[in-house]
Each structure stands twice: as C-alpha cells, then as structure tokens.
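S.K.: Just so it is clear, I am handing over upload_3.txt, which has compact mmCIF, N, CA and C atoms.
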```txt
# COMPACT_ATOMS: atom_id res chain seq x y z
N MET A 121 0.85 -1.18 0.00
CA MET A 121 0.00 0.00 0.00
C MET A 121 0.90 1.23 0.00
N PRO A 122 0.66 2.17 -0.93
CA PRO A 122 1.48 3.38 -0.96
C PRO A 122 1.35 4.18 0.34
N GLU A 123 2.44 4.82 0.71
CA GLU A 123 2.50 5.59 1.96
C GLU A 123 1.45 6.70 1.99
N GLU A 124 1.14 7.31 0.83
CA GLU A 124 0.17 8.41 0.81
C GLU A 124 -1.26 7.94 1.08
N ASP A 125 -1.52 6.62 0.99
CA ASP A 125 -2.85 6.10 1.29
C ASP A 125 -3.05 5.81 2.77
N LEU A 126 -2.02 6.05 3.58
CA LEU A 126 -2.12 5.82 5.02
C LEU A 126 -2.31 7.15 5.74
N VAL A 127 -3.15 7.12 6.77
CA VAL A 127 -3.46 8.33 7.54
C VAL A 127 -3.18 8.04 9.01
N ASP A 128 -2.43 8.92 9.66
CA ASP A 128 -2.19 8.80 11.10
C ASP A 128 -3.29 9.57 11.82
N ILE A 129 -3.98 8.89 12.75
CA ILE A 129 -5.10 9.50 13.46
C ILE A 129 -4.88 9.36 14.95
N LYS A 130 -5.12 10.47 15.66
CA LYS A 130 -5.09 10.50 17.12
C LYS A 130 -6.50 10.82 17.58
N PHE A 131 -6.96 10.13 18.61
CA PHE A 131 -8.32 10.33 19.12
C PHE A 131 -8.26 11.09 20.43
N ARG A 132 -8.89 12.27 20.47
CA ARG A 132 -8.88 13.13 21.66
C ARG A 132 -10.11 12.84 22.49
N LEU A 133 -9.91 12.49 23.76
CA LEU A 133 -11.00 12.13 24.67
C LEU A 133 -11.52 13.36 25.40
N TYR A 134 -12.62 13.18 26.13
CA TYR A 134 -13.31 14.26 26.84
C TYR A 134 -12.43 15.00 27.84
N ASP A 135 -11.43 14.32 28.40
CA ASP A 135 -10.59 14.96 29.42
C ASP A 135 -9.29 15.52 28.84
N GLY A 136 -9.16 15.53 27.53
CA GLY A 136 -7.97 16.08 26.89
C GLY A 136 -6.88 15.06 26.62
N SER A 137 -7.02 13.84 27.13
CA SER A 137 -6.03 12.80 26.85
C SER A 137 -6.29 12.21 25.47
N ASP A 138 -5.32 11.47 24.97
CA ASP A 138 -5.41 10.93 23.61
C ASP A 138 -5.27 9.42 23.60
N ILE A 139 -5.87 8.83 22.57
CA ILE A 139 -5.62 7.43 22.21
C ILE A 139 -4.93 7.49 20.86
N GLY A 140 -3.79 6.83 20.74
CA GLY A 140 -3.08 6.83 19.47
C GLY A 140 -1.86 7.73 19.51
N PRO A 141 -1.31 8.05 18.38
CA PRO A 141 -1.85 7.91 17.03
C PRO A 141 -1.72 6.48 16.49
N PHE A 142 -2.65 6.17 15.59
CA PHE A 142 -2.66 4.90 14.88
C PHE A 142 -2.65 5.20 13.39
N ARG A 143 -2.11 4.28 12.62
CA ARG A 143 -2.05 4.45 11.17
C ARG A 143 -3.16 3.61 10.53
N TYR A 144 -3.97 4.26 9.69
CA TYR A 144 -5.09 3.60 9.03
C TYR A 144 -5.00 3.78 7.53
N SER A 145 -5.55 2.82 6.82
CA SER A 145 -5.70 2.92 5.38
C SER A 145 -6.80 3.93 5.09
N ALA A 146 -6.72 4.60 3.96
CA ALA A 146 -7.75 5.56 3.56
C ALA A 146 -9.08 4.87 3.32
N THR A 147 -9.07 3.55 3.15
CA THR A 147 -10.31 2.81 2.91
C THR A 147 -10.94 2.27 4.21
N SER A 148 -10.29 2.48 5.35
CA SER A 148 -10.86 2.06 6.64
C SER A 148 -12.12 2.87 6.92
N THR A 149 -13.12 2.23 7.50
CA THR A 149 -14.37 2.94 7.79
C THR A 149 -14.34 3.55 9.19
N VAL A 150 -15.22 4.50 9.41
CA VAL A 150 -15.37 5.13 10.72
C VAL A 150 -15.77 4.09 11.75
N ASP A 151 -16.59 3.13 11.35
CA ASP A 151 -16.98 2.05 12.26
C ASP A 151 -15.76 1.27 12.75
N MET A 152 -14.79 1.03 11.86
CA MET A 152 -13.56 0.35 12.26
C MET A 152 -12.78 1.17 13.28
N LEU A 153 -12.75 2.49 13.09
CA LEU A 153 -12.06 3.37 14.04
C LEU A 153 -12.72 3.29 15.42
N LYS A 154 -14.06 3.29 15.43
CA LYS A 154 -14.80 3.23 16.69
C LYS A 154 -14.54 1.91 17.42
N GLN A 155 -14.45 0.82 16.67
CA GLN A 155 -14.14 -0.47 17.28
C GLN A 155 -12.78 -0.43 17.96
N ARG A 156 -11.82 0.20 17.34
CA ARG A 156 -10.48 0.33 17.91
C ARG A 156 -10.52 1.18 19.18
N ILE A 157 -11.29 2.26 19.15
CA ILE A 157 -11.41 3.14 20.32
C ILE A 157 -11.98 2.38 21.50
N VAL A 158 -13.06 1.64 21.28
CA VAL A 158 -13.70 0.89 22.37
C VAL A 158 -12.74 -0.16 22.93
N SER A 159 -12.02 -0.86 22.05
CA SER A 159 -11.12 -1.91 22.53
C SER A 159 -9.88 -1.35 23.22
N ASP A 160 -9.43 -0.16 22.84
CA ASP A 160 -8.22 0.44 23.42
C ASP A 160 -8.52 1.54 24.44
N TRP A 161 -9.77 1.62 24.91
CA TRP A 161 -10.16 2.68 25.85
C TRP A 161 -9.28 2.60 27.10
N PRO A 162 -8.71 3.71 27.56
CA PRO A 162 -7.82 3.69 28.72
C PRO A 162 -8.55 3.27 30.01
N LYS A 163 -7.85 2.53 30.83
CA LYS A 163 -8.40 2.09 32.12
C LYS A 163 -8.48 3.29 33.07
N GLY A 164 -9.44 3.25 33.97
CA GLY A 164 -9.56 4.27 35.00
C GLY A 164 -10.33 5.52 34.61
N LYS A 165 -10.89 5.58 33.43
CA LYS A 165 -11.69 6.74 33.01
C LYS A 165 -13.07 6.63 33.64
N THR A 166 -13.65 7.78 33.98
CA THR A 166 -14.98 7.77 34.60
C THR A 166 -16.08 7.45 33.59
N ILE A 167 -15.89 7.83 32.35
CA ILE A 167 -16.85 7.54 31.29
C ILE A 167 -16.22 6.49 30.38
N VAL A 168 -16.91 5.36 30.22
CA VAL A 168 -16.39 4.26 29.41
C VAL A 168 -17.47 3.80 28.44
N PRO A 169 -17.18 3.79 27.13
CA PRO A 169 -18.17 3.27 26.18
C PRO A 169 -18.27 1.76 26.30
N LYS A 170 -19.49 1.26 26.32
CA LYS A 170 -19.72 -0.18 26.41
C LYS A 170 -19.80 -0.82 25.03
N ALA A 171 -20.16 -0.02 24.03
CA ALA A 171 -20.32 -0.54 22.67
C ALA A 171 -19.97 0.56 21.66
N VAL A 172 -19.76 0.14 20.42
CA VAL A 172 -19.39 1.06 19.35
C VAL A 172 -20.47 2.12 19.12
N ASN A 173 -21.74 1.75 19.28
CA ASN A 173 -22.82 2.71 19.00
C ASN A 173 -22.91 3.83 20.05
N GLU A 174 -22.15 3.74 21.13
CA GLU A 174 -22.11 4.82 22.13
C GLU A 174 -21.02 5.84 21.82
N VAL A 175 -20.24 5.61 20.77
CA VAL A 175 -19.12 6.49 20.42
C VAL A 175 -19.47 7.33 19.20
N LYS A 176 -19.21 8.63 19.30
CA LYS A 176 -19.35 9.54 18.16
C LYS A 176 -17.96 10.11 17.88
N LEU A 177 -17.59 10.16 16.61
CA LEU A 177 -16.33 10.76 16.20
C LEU A 177 -16.61 12.08 15.50
N ILE A 178 -15.86 13.10 15.89
CA ILE A 178 -16.04 14.43 15.30
C ILE A 178 -14.72 14.84 14.68
N SER A 179 -14.78 15.26 13.43
CA SER A 179 -13.61 15.76 12.72
C SER A 179 -14.02 17.00 11.94
N SER A 180 -13.27 18.06 12.10
CA SER A 180 -13.56 19.33 11.43
C SER A 180 -14.97 19.81 11.73
N GLY A 181 -15.44 19.58 12.95
CA GLY A 181 -16.75 20.06 13.37
C GLY A 181 -17.92 19.23 12.89
N LYS A 182 -17.66 18.07 12.28
CA LYS A 182 -18.74 17.24 11.76
C LYS A 182 -18.72 15.87 12.44
N ILE A 183 -19.92 15.38 12.80
CA ILE A 183 -20.04 14.02 13.31
C ILE A 183 -19.92 13.08 12.12
N LEU A 184 -19.03 12.12 12.23
CA LEU A 184 -18.74 11.23 11.11
C LEU A 184 -19.69 10.04 11.07
N ASP A 185 -20.15 9.70 9.88
CA ASP A 185 -21.03 8.56 9.67
C ASP A 185 -20.21 7.27 9.68
N ASN A 186 -20.80 6.20 10.23
CA ASN A 186 -20.10 4.92 10.34
C ASN A 186 -19.65 4.35 9.00
N ASN A 187 -20.41 4.61 7.94
CA ASN A 187 -20.08 4.00 6.65
C ASN A 187 -19.09 4.81 5.83
N LYS A 188 -18.69 5.99 6.31
CA LYS A 188 -17.70 6.81 5.59
C LYS A 188 -16.32 6.21 5.79
N THR A 189 -15.44 6.46 4.83
CA THR A 189 -14.07 5.99 4.95
C THR A 189 -13.17 7.12 5.47
N VAL A 190 -12.01 6.73 5.94
CA VAL A 190 -11.04 7.72 6.43
C VAL A 190 -10.69 8.69 5.31
N GLY A 191 -10.54 8.18 4.10
CA GLY A 191 -10.24 9.04 2.96
C GLY A 191 -11.31 10.08 2.70
N GLN A 192 -12.57 9.73 2.93
CA GLN A 192 -13.67 10.68 2.73
C GLN A 192 -13.73 11.71 3.86
N CYS A 193 -13.17 11.40 5.01
CA CYS A 193 -13.25 12.29 6.17
C CYS A 193 -12.07 13.24 6.28
N LYS A 194 -11.02 13.00 5.51
CA LYS A 194 -9.84 13.85 5.59
C LYS A 194 -10.15 15.27 5.14
N VAL A 195 -9.57 16.22 5.83
CA VAL A 195 -9.72 17.62 5.45
C VAL A 195 -8.76 17.87 4.28
N PRO A 196 -9.26 18.43 3.17
CA PRO A 196 -8.39 18.62 2.01
C PRO A 196 -7.27 19.63 2.26
N PHE A 197 -7.46 20.57 3.16
CA PHE A 197 -6.42 21.53 3.48
C PHE A 197 -5.86 21.19 4.86
N GLY A 198 -4.67 21.61 5.11
CA GLY A 198 -4.10 21.39 6.43
C GLY A 198 -3.41 20.06 6.59
N ASP A 199 -3.29 19.29 5.52
CA ASP A 199 -2.55 18.03 5.63
C ASP A 199 -1.08 18.37 5.80
N VAL A 200 -0.54 17.98 6.92
CA VAL A 200 0.84 18.29 7.23
C VAL A 200 1.67 17.03 7.01
N PRO A 201 2.68 17.08 6.17
CA PRO A 201 3.53 15.90 6.00
C PRO A 201 4.12 15.50 7.35
N GLY A 202 4.00 14.23 7.70
CA GLY A 202 4.52 13.75 8.97
C GLY A 202 3.60 14.04 10.13
N GLY A 203 2.48 14.72 9.88
CA GLY A 203 1.53 15.06 10.94
C GLY A 203 0.45 14.00 11.05
N PHE A 204 -0.56 14.30 11.86
CA PHE A 204 -1.67 13.37 12.02
C PHE A 204 -2.97 14.13 12.17
N VAL A 205 -4.05 13.43 11.96
CA VAL A 205 -5.39 13.99 12.08
C VAL A 205 -5.87 13.75 13.51
N ILE A 206 -6.47 14.76 14.13
CA ILE A 206 -7.06 14.59 15.46
C ILE A 206 -8.57 14.53 15.30
N MET A 207 -9.15 13.45 15.82
CA MET A 207 -10.60 13.30 15.84
C MET A 207 -11.05 13.32 17.29
N HIS A 208 -12.09 14.07 17.58
CA HIS A 208 -12.61 14.15 18.94
C HIS A 208 -13.61 13.02 19.17
N VAL A 209 -13.54 12.44 20.37
CA VAL A 209 -14.39 11.31 20.73
C VAL A 209 -15.42 11.77 21.75
N VAL A 210 -16.68 11.51 21.46
CA VAL A 210 -17.77 11.81 22.39
C VAL A 210 -18.45 10.49 22.72
N VAL A 211 -18.61 10.23 24.03
CA VAL A 211 -19.30 9.01 24.46
C VAL A 211 -20.71 9.41 24.83
N GLN A 212 -21.67 8.79 24.17
CA GLN A 212 -23.08 9.05 24.41
C GLN A 212 -23.71 7.74 24.83
N PRO A 213 -23.88 7.54 26.17
CA PRO A 213 -24.42 6.27 26.65
C PRO A 213 -25.78 5.97 26.03
N SER A 214 -26.09 4.70 25.92
CA SER A 214 -27.36 4.30 25.33
C SER A 214 -28.52 4.86 26.15
N LEU A 215 -29.67 5.02 25.53
CA LEU A 215 -30.83 5.64 26.15
C LEU A 215 -31.29 4.88 27.39
N ALA A 216 -31.23 3.56 27.35
CA ALA A 216 -31.68 2.77 28.50
C ALA A 216 -30.84 3.06 29.73
N LYS A 217 -29.52 3.18 29.55
CA LYS A 217 -28.66 3.48 30.68
C LYS A 217 -28.90 4.90 31.17
N THR A 218 -29.07 5.81 30.23
CA THR A 218 -29.28 7.21 30.60
C THR A 218 -30.53 7.38 31.45
N LYS A 219 -31.63 6.72 31.07
CA LYS A 219 -32.86 6.87 31.83
C LYS A 219 -32.72 6.36 33.25
N THR A 220 -32.07 5.23 33.43
CA THR A 220 -31.98 4.65 34.76
C THR A 220 -30.80 5.20 35.55
N GLY A 221 -29.78 5.68 34.88
CA GLY A 221 -28.58 6.10 35.57
C GLY A 221 -28.47 7.60 35.75
N ILE A 222 -28.02 8.29 34.73
CA ILE A 222 -27.67 9.69 34.85
C ILE A 222 -28.89 10.55 35.17
N PHE A 223 -29.99 10.44 34.41
CA PHE A 223 -31.14 11.30 34.67
C PHE A 223 -31.73 11.06 36.05
N HIS A 224 -31.79 9.82 36.46
CA HIS A 224 -32.33 9.52 37.78
C HIS A 224 -31.45 10.16 38.85
N ARG A 225 -30.13 10.06 38.69
CA ARG A 225 -29.21 10.62 39.66
C ARG A 225 -29.34 12.14 39.72
N ILE A 226 -29.48 12.79 38.59
CA ILE A 226 -29.62 14.24 38.56
C ILE A 226 -30.93 14.67 39.21
N SER A 227 -32.01 13.94 38.94
CA SER A 227 -33.30 14.36 39.47
C SER A 227 -33.39 14.20 40.98
N THR A 228 -32.59 13.34 41.58
CA THR A 228 -32.65 13.16 43.03
C THR A 228 -31.67 14.07 43.76
N GLU A 229 -30.75 14.71 43.05
CA GLU A 229 -29.81 15.64 43.66
C GLU A 229 -30.43 17.03 43.69
N SER A 230 -29.97 17.87 44.63
CA SER A 230 -30.45 19.24 44.63
C SER A 230 -29.78 20.00 43.50
N HIS A 231 -30.50 20.94 42.94
CA HIS A 231 -29.96 21.72 41.85
C HIS A 231 -30.66 23.06 41.78
N CYS A 232 -30.05 23.99 41.04
CA CYS A 232 -30.61 25.34 40.89
C CYS A 232 -31.15 25.52 39.49
N ILE A 233 -32.11 26.40 39.39
CA ILE A 233 -32.63 26.78 38.09
C ILE A 233 -32.59 28.30 38.03
N CYS A 234 -32.03 28.84 36.95
CA CYS A 234 -31.97 30.28 36.78
C CYS A 234 -33.11 30.73 35.88
N MET A 235 -33.72 31.84 36.23
CA MET A 235 -34.82 32.37 35.44
C MET A 235 -34.64 33.88 35.34
N ILE A 236 -34.83 34.42 34.15
CA ILE A 236 -34.74 35.86 33.95
C ILE A 236 -36.14 36.39 33.76
N LEU A 237 -36.53 37.33 34.62
CA LEU A 237 -37.85 37.94 34.53
C LEU A 237 -37.68 39.34 33.96
N LEU A 238 -38.46 39.64 32.96
CA LEU A 238 -38.42 40.96 32.35
C LEU A 238 -39.60 41.78 32.83
N SER A 239 -39.34 43.00 33.14
CA SER A 239 -40.43 43.89 33.54
C SER A 239 -40.71 44.78 32.33
N LEU A 240 -41.93 44.67 31.79
CA LEU A 240 -42.31 45.48 30.64
C LEU A 240 -42.96 46.76 31.10
N PRO A 241 -42.72 47.86 30.43
CA PRO A 241 -43.34 49.12 30.82
C PRO A 241 -44.87 49.02 30.66
N SER A 242 -45.59 49.60 31.61
CA SER A 242 -47.04 49.54 31.52
C SER A 242 -47.53 50.50 30.44
N MET A 243 -48.64 50.18 29.86
CA MET A 243 -49.19 50.96 28.76
C MET A 243 -50.29 51.90 29.25
N ALA A 244 -50.33 52.27 30.54
CA ALA A 244 -51.38 53.12 31.07
C ALA A 244 -51.20 54.56 30.78
```
Written as structure tokens, that's how I'd like the structure from this file.

M.R.:
Amino acid sequence: MPEEDLVDIKFRLYDGSDIGPFRYSATSTVDMLKQRIVSDWPKGKTIVPKAVNEVKLISSGKILDNNKTVGQCKVPFGDVPGGFVIMHVVVQPSLAKTKTGIFHRISTESHCICMILLSLPSMA
C-alpha cells in the first residue's frame, strides 16, 4: 500500500487525553475506528463506552457517519507531512442506561434553576 494512502489518526478524549496515534488505510471505515477506540479505551476513566454505538467521532466540526471511509473524512487543506489527524471522541451512553442512571441521579440531587424575569413598561 502506498505511503500516501495511510493516515495517522489521534483520538482526543473528553478529558484532553489521547488514544493513538494509529495508522489507518484511507479505505478504513469510521466504524472500524470506533471499534479500535472501544477496545483500546484507557483504564480508570470515569466515562467508558460499552459498545461502538455509544461512540461519536467528530472531525472538522462534523459528526462522522459509520459507513464513511477515512479518505472521505480527511480535510483537504491542512494536511501536514509527517503530521496526524485529530478526531474528537464523544461518548453518548445508550438511552436505556441514561434513563436509569444519569437522569435519575440528577433528578434526586439538589440543583438550581436560573430564570430571567423581564419587567415590561405599563401601557397606562
């Protein structure tokens, strides 16, 4: 495989740490990248994806579709020889876990709500 068909990708996690960089073929799919992220997820993180469908990859401000290839996701400008692409990783737990876990925990904790009240001039 020619060297120009390979892309070095680093995955940036929610806390600023990284997974990688890893070298991928331009024909590798986003789904393949997500599988690698789930299998290589660092130990000791508070948020851990349980499955590939809980992972979202963002590159150049766009959420990447699972069926897209790395070659289709590359930014045409900014390719730095010897550099790598940084993709941001967002973990979005499945809806079933969210309903029983996070939302339930938030609703039982005390919290504040801010409200802005506007006073309109009277028309008298």

S.K.: In Å, rounded to a single decimal, give me how far CA of Asp128 in chain A is from atom C of Cys193 in chain A.

M.R.: 11.9 Å

S.K.: Rank nothing, just name the residue among A:Val190, A:Ile206, A:Ser214, A:Lys182 nearest to Asp138 in chain A, using only C-alpha atoms.

M.R.: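 Under the stated criterion, the closest residue is A:Ile206.
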
S.K.: Please determine, counting only C-alpha atoms, which residue among A:Val205, A:Ile129, A:Val150, A:Val210 has the shortest atom-to-atom distance to Val168 in chain A.

M.R.: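 Smallest distance to Val168 in chain A is found for A:Val210.
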
S.K.: Using atom C of Tyr144 in chain A and atom N of Pro162 in chain A as the two end points, give the distance in Å to one decimal.

M.R.: 20.4 Å

S.K.: With only N, CA and C atoms as the atoms that count, which of A:Ser179, A:Thr189, A:Ser159, A:Gln212 lies nearest to Ser145 in chain A?

M.R.: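 Of all the options, A:Thr189 lies closest to Ser145 in chain A.
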
S.K.: Quick check, in Å to one decimal: how far apart do atom C of Thr166 in chain A and atom C of His208 in chain A lie?

M.R.: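 Result for atom C of Thr166 in chain A versus atom C of His208 in chain A: 15.7 Å, one decimal.
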
S.K.: With distances taken over only N, CA and C atoms, which residue among A:Lys163, A:Ser180, A:Ile157, A:Val127 lies nearest Arg143 in chain A?

M.R.: A:Val127

S.K.: Which one of A:Glu174, A:Asp125, A:Asp135, A:Asp160 sits closest to Gly191 in chain A if you count only N, CA and C atoms?

M.R.: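 Looking at the shortest contact to Gly191 in chain A, the residue is A:Asp125.
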
S.K.: Can you pull out every residue within 8 Å of Lys154 in chain A, counting all atoms listed in the file, but drop anything in the same chain fewer than 5 positions away, and send it as a ChimeraX atom specification?

M.R.: /A:149,159-160,171-173,175-177

S.K.: Nearest to Gln192 in chain A: which of A:Thr147, A:Leu153, A:Ile178, A:Ile139 is it, counting all atoms listed in the file?

M.R.: A:Thr147
